[in-house]
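One structure below.
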Amino acid sequence: MITLDRRRFLLGTGVSLGLPWLECMGEDARQTEPAKRLCAMYFGFGVGLPSADSAEGMWHWFPRGEGRDFTFTEVLKPLEPHRANVTVLGGLSHPNGRRMGGHDTADTFLTASFLNNRFLQNTVSIDQLAARAFEDKTRFTSLVLSTDGGVGEPTRSSTLSYDDKGRPVPALHQPQQIFDRFFGAGDADLVASQRRMKSTSGMLDRVLEDSRSLRGRLGTQDREKLDEYLESVRQIEERVQRSQRWIDIPRPELSDEDRKILKLDADDEAPKEFIRTMYDLIYLAFRTDSTRVATYQITNMADCSSKAARFPQLEGFKKTLHSLAHDWNKPGGAEELGRWDQFMAQQLAYFLDRLSGAREGNGSVLDNTIVLYGSSNSNTHENMNYPLVLAGGRELGFQHGRFLKFPEQVPLSNLFVTMLNRIGVPTDSFVDSTGEISEVTV
């Protein structure tokens, strides 16, 4: 029996059509190592931590017990079906974050950097380190999502992702736009698209050539400004070159079932539908190997301007998310915030359902994807003891089914080093890391 490469195309009359999955592709698929992926989601304003023996103790975010002998409280109970695929982490935080204001740490959830009123320059986030390592393997280097979109403002960012210069990577927030970019038919006129790519590439070449003669005639400050500008030009050039490599390859076809599930008209007026649609888009991007890196900031730390601040009210709660977080220690407040966090856990469980239900290699998409879900606050904006859930990655060497508590001295960056190494991005250290966290791996 013949075997075909899974990316084989039928060519004719100037049209390229991707083949459907055929049995003769099976041997090739077995020989190809499944993709390794990284995904991180963030929610803002912290969680409720009432005393275990109080009337509202069941709404404490962290489980009861420790190790494998633990019990989910009402908050994370939606994750019970995925118990074997998740680890709840307690005690971890960013040491730099402990020196920052309670509203200021979302920007540094994936960077571990230090920001204050005088120094607002961030550093690279772990997802973008992974994106750089995988950039030649997929059409898109990463998928960056948030409820509000764009970049927001320093310390109130609406993106989790930062490039190697510490600049925010704009987040997408419109489901239809995301779908069109990743799964749309693309440019109907392939020849015209190729011409535009060639023209853009030629223009960038001329800009870089002219800059060489100009740079020698500039003073120090102007040289620095020019170098920063040229770095932006080089990044555009890289994107153009990447687009040129993929322009002849059709975007993946989605099944009718996948298309029916998607609610591309979902918006922030219907939080459950909106969040699940964003999770669906990440799932499809992973399953089709359109990208191997994704981040999703569900809420930022700007209560007045964030669309997600009023998500609870749209789901029947009486307060904004910020108010729920502030009032958790008032009578009835822990249950109110706990029910909201339970709602969020239900959406996470939905995402894990989708990833675990898609078979791949010797396991599932979830088995080859490491998922980090959490916040940079514990209660009432305290920047310690981050509430964190680690999921997936069993084929990457992660083991689950436990609640692990760490001493304050262990930085969250240790987990980042572990995650990067397991997805094939060799990393000795990251910011303030002191090693790996071996407890989460086999």
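Just so we're on the same page: first chain in the structure tokens is A, next is B, and so on; residues restart at 1 for each chain, and ligands are numbered from 1 in the order they show up.
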
Closest atom pairs, residues of range 281-330 of chain A within 9 Å of range 115-136 of chain A, only C-alpha atoms, as CSV:
```
residue,atom,partner,partner_atom,distance
A:Thr291,CA,A:Phe134,CA,8.4
A:Arg292,CA,A:Phe134,CA,7.3
A:Val293,CA,A:Ala131,CA,6.1
A:Ala294,CA,A:Asp127,CA,7.2
A:Thr295,CA,A:Asp127,CA,7.4
```

Using C-alpha atoms, can you write the selected residues to a file as a compact mmCIF listing (two decimals), in the first residue's frame?
```
# COMPACT_ATOMS: atom_id res chain seq x y z
CA THR A 291 -0.36 27.26 15.81
CA ARG A 292 1.15 25.60 18.88
CA VAL A 293 0.99 28.52 21.27
CA ALA A 294 -2.06 30.37 22.62
CA THR A 295 -2.88 32.83 25.41
```

(message) Give me the residues near Tyr386 in chain A as an NGL selection string, where near means some atom within 8 Å (using only C-alpha atoms) and where sequence neighbours in that chain fewer than 3 positions away do not count.
(response) :A and (90-93 or 374-378 or 383)

Grab the residues selected above and save them as a PDB file, in the first residue's frame with C-alpha atoms.
```
ATOM      1  CA  GLY A  90      -0.770  26.588  45.803  1.00  0.00           C
ATOM      2  CA  GLY A  91       1.873  28.884  47.242  1.00  0.00           C
ATOM      3  CA  LEU A  92       3.522  29.965  43.992  1.00  0.00           C
ATOM      4  CA  SER A  93       3.898  33.611  42.908  1.00  0.00           C
ATOM      5  CA  GLY A 374      -4.879  31.105  36.954  1.00  0.00           C
ATOM      6  CA  SER A 375      -4.584  34.594  38.382  1.00  0.00           C
ATOM      7  CA  SER A 376      -1.838  36.800  39.786  1.00  0.00           C
ATOM      8  CA  ASN A 377      -3.867  37.554  42.935  1.00  0.00           C
ATOM      9  CA  SER A 378      -5.002  35.332  45.765  1.00  0.00           C
ATOM     10  CA  ASN A 383       0.042  39.174  44.935  1.00  0.00           C
TER      11      ASN A 383
END
```

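Distances to Met278 in chain A were evaluated for A:Leu355, A:Leu145, A:Val365, A:Leu321 using only C-alpha atoms, and the minimum falls at A:Leu145.
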
(request) Calculate how many Å separate CA of Leu324 in chain A from CA of Pro312 in chain A, rounding to one decimal. (result) 8.7 Å

(request) Mind the document's chain letters and residue numbers, and return as a list in words the residues of range 311-368 of chain A that DSSP labels strand (DSSP E or B). (result)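 Across range 311-368 of chain A, those assigned strand (DSSP E or B) are Arg359, Glu360, Gly363 and Ser364 of chain A.
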
Limited to N, CA and C atoms, could you put the picked residues into a file as a compact mmCIF listing (two decimals), in the first residue's frame?
```txt
# COMPACT_ATOMS: atom_id res chain seq x y z
N ARG A 359 -8.42 12.74 19.50
CA ARG A 359 -7.35 11.76 19.55
C ARG A 359 -6.19 12.20 18.67
N GLU A 360 -4.99 11.85 19.13
CA GLU A 360 -3.79 12.29 18.43
C GLU A 360 -2.62 11.39 18.87
N GLY A 363 -2.31 9.43 22.26
CA GLY A 363 -3.17 10.02 23.27
C GLY A 363 -4.16 10.99 22.67
N SER A 364 -4.25 12.17 23.27
CA SER A 364 -5.18 13.20 22.82
C SER A 364 -4.42 14.51 22.62
```

(message) Could you check the closest approach to Phe45 in chain A for each of A:Pro63, A:Pro250, A:Pro95, A:Gly102 and tell me which residue wins, using only C-alpha atoms?
(response)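 Closest to Phe45 in chain A of all the choices is A:Gly102.
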
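Picture a line from CA of Gln399 in chain A to CA of Leu79 in chain A; it runs 15.9 Å.
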
(message) Counting only C-alpha atoms, which residue out of A:Pro271, A:Pro81, A:Gly166, A:Gly401 sits closest to Trp340 in chain A?
(response)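 Answer, going by the shortest atom-to-atom distance: A:Pro271.
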
(request) Measure the distance from CA of Gly338 in chain A to CA of Phe317 in chain A in Å and round it to one decimal. (result) 11.5 Å

(request) Please provide as a ChimeraX atom specification all residues within 7 Å of range 262-265 of chain A, with the sequence filter that same-chain residues fewer than 6 positions apart are discarded (counting only C-alpha atoms). (result) /A:175-176,277,280

Go ahead and save the residues from that selection, with N, CA and C atoms, as a PDB file, in the first residue's frame.
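After the write, out_15.pdb holds the following:
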```
ATOM      1  N   PRO A 175     -14.584  36.927  17.565  1.00  0.00           N
ATOM      2  CA  PRO A 175     -14.559  35.547  17.072  1.00  0.00           C
ATOM      3  C   PRO A 175     -14.574  35.420  15.553  1.00  0.00           C
ATOM      4  N   GLN A 176     -15.390  36.200  14.877  1.00  0.00           N
ATOM      5  CA  GLN A 176     -15.453  36.094  13.420  1.00  0.00           C
ATOM      6  C   GLN A 176     -14.119  36.477  12.791  1.00  0.00           C
ATOM      7  N   THR A 277     -16.648  30.103  22.928  1.00  0.00           N
ATOM      8  CA  THR A 277     -16.256  30.282  21.529  1.00  0.00           C
ATOM      9  C   THR A 277     -14.762  30.545  21.421  1.00  0.00           C
ATOM     10  N   ASP A 280     -13.128  27.330  21.890  1.00  0.00           N
ATOM     11  CA  ASP A 280     -13.294  26.522  20.679  1.00  0.00           C
ATOM     12  C   ASP A 280     -12.273  26.910  19.611  1.00  0.00           C
TER      13      ASP A 280
END
```

(message) Residues near Met301 in chain A, anyone? I mean within 7 Å using only C-alpha atoms, not counting same-chain ones fewer than 3 positions away, as a VMD selection string.
(response) chain A and resid 44 to 45 103 106 156
